[in-house]
Amino acid sequence: MSFLFILFSGYLILCIFVYVAQEKLVYSPSTIVSQTPGGMGLVFEELYIDTSDGEKIHAWFIPSEEASRYVFFLHGNGGNIGNRLNTISILNELGYSTLIIDYRGYGNSSGQPSEQGTYKDALAAFNYLMTYRKLQPKDIVIYGRSLGGAVAVWLAAQVHPSGLIIESTFSRLVDMGKHRYPFLPVKILTRVHYDSLSQIKEVKCPIFSAHSLDDETIPYILGKSLAEAAPDLKRFVTLNGRHNEAFFDTGQSYYDELDGFIKDPKSF
């Protein structure tokens, strides 16, 4: 009887921990930005963008002289913008001006990360492109990877950009929870939702989706199910490689497809 009580008590403590410390499980920010685009020979502008609730979001704008389309890149839950320079370099080589931000609590951005906070950060950055760069939504493709895919889906549903790219992302955070903690009542414990499966139905622009069968972090089936729910899915690409390497391991053939979509999402 005492063994069952100890077992139940331990299980209850674990449930409480998952509920209370959920943000710590979802977000893994680094506050040390060890590299800048300049270190890779890229011209860039360093920015601090004000959010609607008073935070300052650190961002880089990497221009391309011949850009006819702009990419707003939203990264995943770990590290910061300094860890995404290889991706930014490739987008620059393809001829696109790119804006990349750190969510609140990441890198040099103020505040602490939260679901609603990431939405506010993304919206503030998109508004920066509209206000200070004098762009229209038709000029911008939103590109989200991993957790950034969930933020990108939410943002695209609000602002109706030219196109949306979602890469190595998930359907809903509760689905991720069920995958990682099948022994817990995840549906009851989930406070951070990122319900892309519902939000993608409100996205009016063309969508390009990609996911790797080898993804050890986010199951392929979650990315595929989200793509299948997209109202205007132009293409779903199966990548090669692990979660953090798939973009690079798949290589030039994937970059060519991204290039084709970014240039003209509607007729891709």
# chains A, B, ... in the order shown; residues from 1 in each chain; ligands from 1
call {"tool": "residues_around", "arguments": {"residues": "stretch 137-147 of chain A", "least_positions_apart": "2", "cutoff": "8 Å", "atoms": "only C-alpha atoms", "output": "ChimeraX atom specification"}}
result
/A:68-77,130,135,149-153,156,159-170,218,262
call {"tool": "residues_around", "arguments": {"residues": "stretch 185-190 of chain A", "least_positions_apart": "6", "cutoff": "7 Å", "atoms": "only C-alpha atoms", "output": "VMD selection string"}}
result
chain A and resid 19 174 177 to 178
call {"tool": "write_last_selection", "arguments": {"atoms": "N, CA and C atoms", "output": "PDB file, in the first residue's frame"}}
result
ATOM      1  N   TYR A  19       3.008  21.075 -15.349  1.00  0.00           N
ATOM      2  CA  TYR A  19       2.032  22.169 -15.469  1.00  0.00           C
ATOM      3  C   TYR A  19       2.665  23.511 -15.106  1.00  0.00           C
ATOM      4  N   VAL A 174      -0.068  20.229 -27.803  1.00  0.00           N
ATOM      5  CA  VAL A 174      -0.603  19.099 -27.048  1.00  0.00           C
ATOM      6  C   VAL A 174      -0.259  17.779 -27.744  1.00  0.00           C
ATOM      7  N   GLY A 177       3.171  17.007 -26.758  1.00  0.00           N
ATOM      8  CA  GLY A 177       3.172  16.511 -25.388  1.00  0.00           C
ATOM      9  C   GLY A 177       2.789  15.038 -25.314  1.00  0.00           C
ATOM     10  N   LYS A 178       1.789  14.651 -26.095  1.00  0.00           N
ATOM     11  CA  LYS A 178       1.363  13.249 -26.114  1.00  0.00           C
ATOM     12  C   LYS A 178       2.468  12.350 -26.645  1.00  0.00           C
TER      13      LYS A 178
END
call {"tool": "closest_residue", "arguments": {"among": "A:Ser89, A:Thr238, A:Ser97, A:Ser171", "to": "A:Gly38", "atoms": "only C-alpha atoms"}}
result
A:Ser89
call {"tool": "atom_distance", "arguments": {"atom1": "atom CA of A:Asn86", "atom2": "atom CA of A:Leu99"}}
result
14.0 Å
call {"tool": "closest_residue", "arguments": {"among": "A:Asp50, A:Glu93, A:Glu245, A:Asp214", "to": "A:Asn127", "atoms": "only C-alpha atoms"}}
result
A:Asp50
call {"tool": "closest_atom_pairs", "arguments": {"of": "stretch 70-130 of chain A", "to": "stretch 45-48 of chain A", "cutoff": "10 Å", "atoms": "only C-alpha atoms", "output": "CSV"}}
result
residue,atom,partner,partner_atom,distance
A:Leu99,CA,A:Glu45,CA,9.5
A:Ile100,CA,A:Leu47,CA,10.0
A:Ile101,CA,A:Leu47,CA,9.0
A:Asp102,CA,A:Tyr48,CA,10.0
A:Asn108,CA,A:Tyr48,CA,9.0
A:Ser109,CA,A:Tyr48,CA,8.0
A:Ser110,CA,A:Tyr48,CA,9.9
A:Ala125,CA,A:Tyr48,CA,9.5
call {"tool": "closest_residue", "arguments": {"among": "A:Phe268, A:Phe5, A:Phe61, A:Tyr132", "to": "A:Ile88", "atoms": "only C-alpha atoms"}}
result
A:Phe61
call {"tool": "closest_residue", "arguments": {"among": "A:Gly95, A:Pro63, A:Gly10, A:Gly78", "to": "A:Thr31", "atoms": "only C-alpha atoms"}}
result
A:Gly78
call {"tool": "atom_distance", "arguments": {"atom1": "atom CA of A:Asp264", "atom2": "atom CA of A:Tyr119"}}
result
26.0 Å
call {"tool": "atom_distance", "arguments": {"atom1": "atom CA of A:Leu184", "atom2": "atom CA of A:Tyr106"}}
result
29.0 Å
call {"tool": "select_by_dssp", "arguments": {"residues": "stretch 132-244 of chain A", "states": "strand (DSSP E or B)", "output": "ChimeraX atom specification"}}
result
/A:140-145,163-167,207-212,233-239
